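Engineer: Contents are PDB, C-alpha atoms and all ligand atoms; file name input.pdb:
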ATOM      1  CA  MET A   1       0.000   0.000   0.000
ATOM      2  CA  SER A   2       1.424   3.359  -0.980
ATOM      3  CA  ILE A   3       1.873   6.307   1.347
ATOM      4  CA  PHE A   4      -0.791   8.946   0.887
ATOM      5  CA  SER A   5      -1.487  12.039   2.951
ATOM      6  CA  ILE A   6      -4.954  12.162   4.473
ATOM      7  CA  ASP A   7      -5.115  15.937   3.815
ATOM      8  CA  LEU A   8      -4.998  15.517   0.045
ATOM      9  CA  PRO A   9      -8.145  15.432  -2.112
ATOM     10  CA  CYS A  10      -9.634  11.955  -2.103
ATOM     11  CA  PRO A  11      -8.536   9.864  -5.108
ATOM     12  CA  CYS A  12     -12.218   9.023  -5.772
ATOM     13  CA  GLN A  13     -12.693  12.651  -6.849
ATOM     14  CA  SER A  14     -15.578  13.387  -4.520
ATOM     15  CA  GLY A  15     -14.140  16.855  -3.907
ATOM     16  CA  GLN A  16     -13.590  16.059  -0.218
ATOM     17  CA  SER A  17     -10.280  15.383   1.465
ATOM     18  CA  TYR A  18      -9.212  11.762   1.734
ATOM     19  CA  GLN A  19      -9.597  12.087   5.501
ATOM     20  CA  ASP A  20     -13.273  13.060   5.212
ATOM     21  CA  CYS A  21     -14.060  10.604   2.437
ATOM     22  CA  CYS A  22     -12.575   7.169   1.800
ATOM     23  CA  ALA A  23      -9.903   7.021   4.547
ATOM     24  CA  PRO A  24     -12.287   5.905   7.361
ATOM     25  CA  LEU A  25     -13.556   3.131   5.067
ATOM     26  CA  HIS A  26     -10.039   2.015   4.118
ATOM     27  CA  GLN A  27      -9.042   2.029   7.791
ATOM     28  CA  GLN A  28     -12.173   0.017   8.647
ATOM     29  CA  LYS A  29     -13.445   2.729  10.988
ATOM     30  CA  SER A  30     -16.714   2.922   9.093
ATOM     31  CA  VAL A  31     -18.549   1.043   6.355
ATOM     32  CA  ALA A  32     -19.984   2.302   3.068
ATOM     33  CA  GLN A  33     -23.572   3.503   3.408
ATOM     34  CA  ASN A  34     -24.494   2.645  -0.163
ATOM     35  CA  ALA A  35     -23.140   1.000  -3.299
ATOM     36  CA  GLU A  36     -21.876   4.243  -4.812
ATOM     37  CA  GLN A  37     -19.813   5.001  -1.733
ATOM     38  CA  LEU A  38     -18.398   1.489  -1.801
ATOM     39  CA  MET A  39     -17.616   1.803  -5.515
ATOM     40  CA  ARG A  40     -15.786   5.102  -4.930
ATOM     41  CA  SER A  41     -13.802   3.690  -2.039
ATOM     42  CA  ARG A  42     -12.827   0.659  -4.117
ATOM     43  CA  TYR A  43     -11.588   2.881  -6.932
ATOM     44  CA  ALA A  44      -9.593   4.919  -4.399
ATOM     45  CA  ALA A  45      -8.205   1.661  -2.972
ATOM     46  CA  TYR A  46      -6.987   0.659  -6.445
ATOM     47  CA  THR A  47      -5.173   3.959  -6.854
ATOM     48  CA  LEU A  48      -3.591   3.504  -3.407
ATOM     49  CA  GLN A  49      -2.856  -0.186  -4.059
ATOM     50  CA  ASN A  50      -4.816  -1.190  -0.971
ATOM     51  CA  ILE A  51      -5.534  -4.754  -2.044
ATOM     52  CA  ASP A  52      -6.651  -5.847   1.444
ATOM     53  CA  TYR A  53      -9.581  -3.438   1.200
ATOM     54  CA  LEU A  54     -10.516  -4.675  -2.277
ATOM     55  CA  VAL A  55     -10.571  -8.246  -1.016
ATOM     56  CA  ALA A  56     -12.506  -7.354   2.163
ATOM     57  CA  THR A  57     -15.233  -5.561   0.171
ATOM     58  CA  THR A  58     -15.827  -8.460  -2.231
ATOM     59  CA  VAL A  59     -18.638 -10.925  -1.357
ATOM     60  CA  PRO A  60     -17.100 -13.085   1.438
ATOM     61  CA  SER A  61     -17.662 -16.421  -0.309
ATOM     62  CA  GLN A  62     -15.805 -15.070  -3.382
ATOM     63  CA  GLN A  63     -12.800 -13.805  -1.430
ATOM     64  CA  PRO A  64     -10.853 -17.122  -1.441
ATOM     65  CA  HIS A  65     -11.008 -17.136  -5.265
ATOM     66  CA  LEU A  66      -9.409 -13.707  -5.679
ATOM     67  CA  ASP A  67      -5.774 -13.397  -6.693
ATOM     68  CA  PRO A  68      -4.294 -10.600  -4.544
ATOM     69  CA  THR A  69      -0.885 -10.831  -6.249
ATOM     70  CA  ALA A  70      -2.396 -10.268  -9.690
ATOM     71  CA  MET A  71      -4.615  -7.487  -8.306
ATOM     72  CA  LEU A  72      -1.581  -5.747  -6.840
ATOM     73  CA  GLN A  73       0.393  -6.057 -10.066
ATOM     74  CA  TRP A  74      -2.489  -4.594 -12.037
ATOM     75  CA  ALA A  75      -2.890  -1.721  -9.562
ATOM     76  CA  GLN A  76       0.843  -1.011  -9.714
ATOM     77  CA  GLN A  77       0.971  -1.057 -13.501
ATOM     78  CA  THR A  78      -2.032   1.182 -13.948
ATOM     79  CA  GLN A  79      -1.794   4.927 -13.715
ATOM     80  CA  TRP A  80      -5.309   5.954 -12.685
ATOM     81  CA  THR A  81      -6.415   9.423 -13.702
ATOM     82  CA  GLY A  82     -10.034   9.722 -12.627
ATOM     83  CA  LEU A  83     -13.434   8.305 -11.882
ATOM     84  CA  GLU A  84     -16.811   9.283 -13.263
ATOM     85  CA  ILE A  85     -19.973   7.821 -11.717
ATOM     86  CA  MET A  86     -22.539   7.669 -14.520
ATOM     87  CA  GLN A  87     -25.451   6.281 -12.547
ATOM     88  CA  HIS A  88     -26.228   4.754  -9.175
ATOM     89  CA  LEU A  89     -29.193   2.379  -9.042
ATOM     90  CA  PRO A  90     -29.555   1.957  -5.263
ATOM     91  CA  LYS A  91     -32.409  -0.557  -5.295
ATOM     92  CA  ILE A  92     -32.570  -2.899  -8.266
ATOM     93  CA  GLY A  93     -33.702  -5.674  -5.926
ATOM     94  CA  LYS A  94     -34.250  -6.189  -2.219
ATOM     95  CA  ILE A  95     -30.546  -6.537  -1.504
ATOM     96  CA  HIS A  96     -28.953  -5.490  -4.798
ATOM     97  CA  ALA A  97     -27.681  -2.225  -6.242
ATOM     98  CA  GLN A  98     -25.720  -1.272  -9.332
ATOM     99  CA  VAL A  99     -23.281   1.486 -10.181
ATOM    100  CA  GLU A 100     -22.287   2.411 -13.710
ATOM    101  CA  PHE A 101     -18.950   4.159 -13.933
ATOM    102  CA  LYS A 102     -15.973   5.039 -16.043
ATOM    103  CA  ALA A 103     -12.486   4.781 -14.588
ATOM    104  CA  PHE A 104      -9.783   6.545 -16.553
ATOM    105  CA  TYR A 105      -6.148   5.547 -16.760
ATOM    106  CA  HIS A 106      -3.024   6.088 -18.790
ATOM    107  CA  THR A 107      -1.071   3.486 -20.647
ATOM    108  CA  ALA A 108       1.709   3.787 -23.208
ATOM    109  CA  ALA A 109      -1.073   3.973 -25.821
ATOM    110  CA  GLY A 110      -2.603   7.055 -24.202
ATOM    111  CA  LYS A 111      -5.714   7.735 -22.148
ATOM    112  CA  GLN A 112      -8.037   4.777 -21.694
ATOM    113  CA  ALA A 113     -11.438   4.389 -20.092
ATOM    114  CA  HIS A 114     -12.750   1.337 -18.303
ATOM    115  CA  HIS A 115     -16.572   1.368 -18.483
ATOM    116  CA  GLU A 116     -18.413  -0.996 -16.168
ATOM    117  CA  LEU A 117     -21.796  -1.684 -14.623
ATOM    118  CA  SER A 118     -20.929  -3.161 -11.241
ATOM    119  CA  THR A 119     -23.347  -5.089  -9.050
ATOM    120  CA  PHE A 120     -23.341  -4.902  -5.260
ATOM    121  CA  VAL A 121     -25.156  -7.014  -2.687
ATOM    122  CA  LYS A 122     -26.018  -6.210   0.916
ATOM    123  CA  ILE A 123     -25.149  -8.939   3.415
ATOM    124  CA  ASP A 124     -25.784  -8.449   7.153
ATOM    125  CA  GLY A 125     -26.120  -4.701   6.674
ATOM    126  CA  ARG A 126     -22.921  -4.264   4.672
ATOM    127  CA  TRP A 127     -22.472  -3.700   0.945
ATOM    128  CA  TYR A 128     -20.142  -5.978  -1.007
ATOM    129  CA  PHE A 129     -18.921  -6.022  -4.605
ATOM    130  CA  LEU A 130     -20.152  -9.024  -6.578
ATOM    131  CA  ASP A 131     -17.256 -10.090  -8.805
ATOM    132  CA  PRO A 132     -18.717 -11.173 -12.181
ATOM    133  CA  THR A 133     -15.466 -12.844 -13.221
ATOM    134  CA  LEU A 134     -15.898 -15.387 -10.394
ATOM    135  CA  GLU A 135     -19.455 -16.329 -11.370
ATOM    136  CA  HIS A 136     -18.375 -19.748 -12.688
ATOM    137  CA  TYR A 137     -17.499 -20.897  -9.158
ATOM    138  CA  THR A 138     -21.197 -21.065  -8.307
ATOM    139  CA  SER A 139     -23.714 -23.370  -9.957
ATOM    140  CA  MET A 140     -27.095 -21.926 -10.903
ATOM    141  CA  LYS A 141     -28.971 -24.486  -8.779
ATOM    142  CA  GLN A 142     -26.867 -24.070  -5.667
ATOM    143  CA  PRO A 143     -27.682 -21.703  -2.806
ATOM    144  CA  CYS A 144     -26.593 -18.193  -3.712
ATOM    145  CA  LEU A 145     -23.061 -17.101  -2.864
ATOM    146  CA  CYS A 146     -24.420 -14.094  -0.968
ATOM    147  CA  GLY A 147     -26.062 -16.346   1.640
ATOM    148  CA  SER A 148     -29.616 -15.123   0.974
ATOM    149  CA  GLY A 149     -30.904 -18.710   1.006
ATOM    150  CA  LYS A 150     -32.290 -18.428  -2.533
ATOM    151  CA  LYS A 151     -30.835 -20.334  -5.465
ATOM    152  CA  PHE A 152     -28.021 -18.484  -7.240
ATOM    153  CA  LYS A 153     -30.022 -18.216 -10.482
ATOM    154  CA  GLN A 154     -32.904 -16.544  -8.614
ATOM    155  CA  CYS A 155     -30.644 -14.187  -6.722
ATOM    156  CA  CYS A 156     -27.274 -12.634  -7.612
ATOM    157  CA  ALA A 157     -27.045 -14.314 -11.028
ATOM    158  CA  MET A 158     -30.022 -12.246 -12.185
ATOM    159  CA  PHE A 159     -27.949  -9.092 -11.910
ATOM    160  CA  LEU A 160     -24.689 -10.319 -13.431
ATOM    161  CA  ARG A 161     -24.097  -9.971 -17.134
TER     162      ARG A 161
HETATM  163 ZN    ZN B 201     -13.279   9.136  -1.595
HETATM  164 ZN    ZN B 202     -27.413 -13.688  -3.945
END
Here is a file; write its structure as structure tokens.
Structural biologist:
Amino acid sequence: MSIFSIDLPCPCQSGQSYQDCCAPLHQQKSVAQNAEQLMRSRYAAYTLQNIDYLVATTVPSQQPHLDPTAMLQWAQQTQWTGLEIMQHLPKIGKIHAQVEFKAFYHTAAGKQAHHELSTFVKIDGRWYFLDPTLEHYTSMKQPCLCGSGKKFKQCCAMFLR
């Protein structure tokens, strides 16, 4: 994790200082109140190479399948230049929300944009990122990975695409 002053503007570009924005989340002193806040704090964590936070905010049953070494390498190789939240859909289901965003970064080829519609699920009062790349670890007929008690296909799978 890189050194970053808490007085500086937050990397998530909220306009607030890091101290008043994502720092308390990264330090686990508070939890995100909604999916947009979690999305912002995850972007900021990428820019700060805080992989522990990225793992901790992924759906718990998906966490063992993440590859922290690869995540760190990617974060280190990417020069992030900004985040734009396009829309926040806070209630697409009882426990699901989505955030559409663009994350900008520089590569040797110039400025790039990563455009994504991310899905989040609320478990025991906390929001978690649902990693669509890990979907294949769960069968459609099995209980959902979020622990809702429904089958995967009738729960989180409905919101992944
Ligand atoms: Zn922030
Ligand atoms: Zn689910």
Engineer: Kindly resolve the PyMOL selection byres (((not hetatm)) within 10 of (chain B and resi 202)) on the present coordinates and return the residues as a PyMOL selection string.
Structural biologist: chain A and resi 59+95-96+120-123+130+143-159
Engineer: List as a PyMOL selection string the protein and nucleic acid residues lying within 9 Å of ligand ZN 201 (chain B), with only C-alpha atoms and all ligand atoms counted.
Structural biologist: chain A and resi 9-23+25+37+40-44
Engineer: List the neighbours of A:Glu100 out to 6 Å using all atoms listed in the file; skip same-chain residues closer than 6 positions along the sequence, and give me the result as a list in words.
Structural biologist: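 The residues satisfying every condition are Met86, Gln87, Glu116 and Leu117 of chain A.
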Engineer: Name the residues captured by the PyMOL selection byres (((chain A and resi 62-77) around 12) and not hetatm) when it is applied to the shown file; answer as a PyMOL selection string.
Structural biologist: chain A and resi 1-2+42-61+78-80+105-108+128-138+144-147
Engineer: Quick one, how far is atom CA of A:Asn34 from atom CA of A:Arg126?
Structural biologist: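 The value is 8.6 Å.
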Engineer: Return as JSON the centre and edge lengths, in Å with one decimal, of the box along x, y and z that encloses every atom of stretch 62-73 of chain A in the file, padded by 5 Å per side.
Structural biologist:
{"center_x": -7.7, "center_y": -11.4, "center_z": -5.7, "size_x": 26.2, "size_y": 21.4, "size_z": 18.6}
Engineer: Atom CA of A:Gln112 to atom CA of A:Asp7: how many Å, to one decimal?
Structural biologist: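 Separation of atom CA of A:Gln112 and atom CA of A:Asp7: 28.0 Å.
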Engineer: From the set A:Lys141, A:Val31, A:Ile6, A:Leu38, which residue has the shortest atom-to-atom contact distance to A:Asp124, counting all atoms listed in the file?
Structural biologist: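 Smallest separation from A:Asp124 among the options: A:Val31.
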Engineer: So, counting all atoms listed in the file, which residue among A:Leu8, A:Met140, A:Ala113, A:Ala35 is closest to A:Lys91?
Structural biologist: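 Smallest separation from A:Lys91 among the options: A:Ala35.
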Engineer: One decimal, Å: what's the distance from atom CA of A:Gly82 over to atom CA of A:Ser30, could you say?
Structural biologist: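 Taking atom CA of A:Gly82 as the start and atom CA of A:Ser30 as the end point, the length is 23.7 Å.
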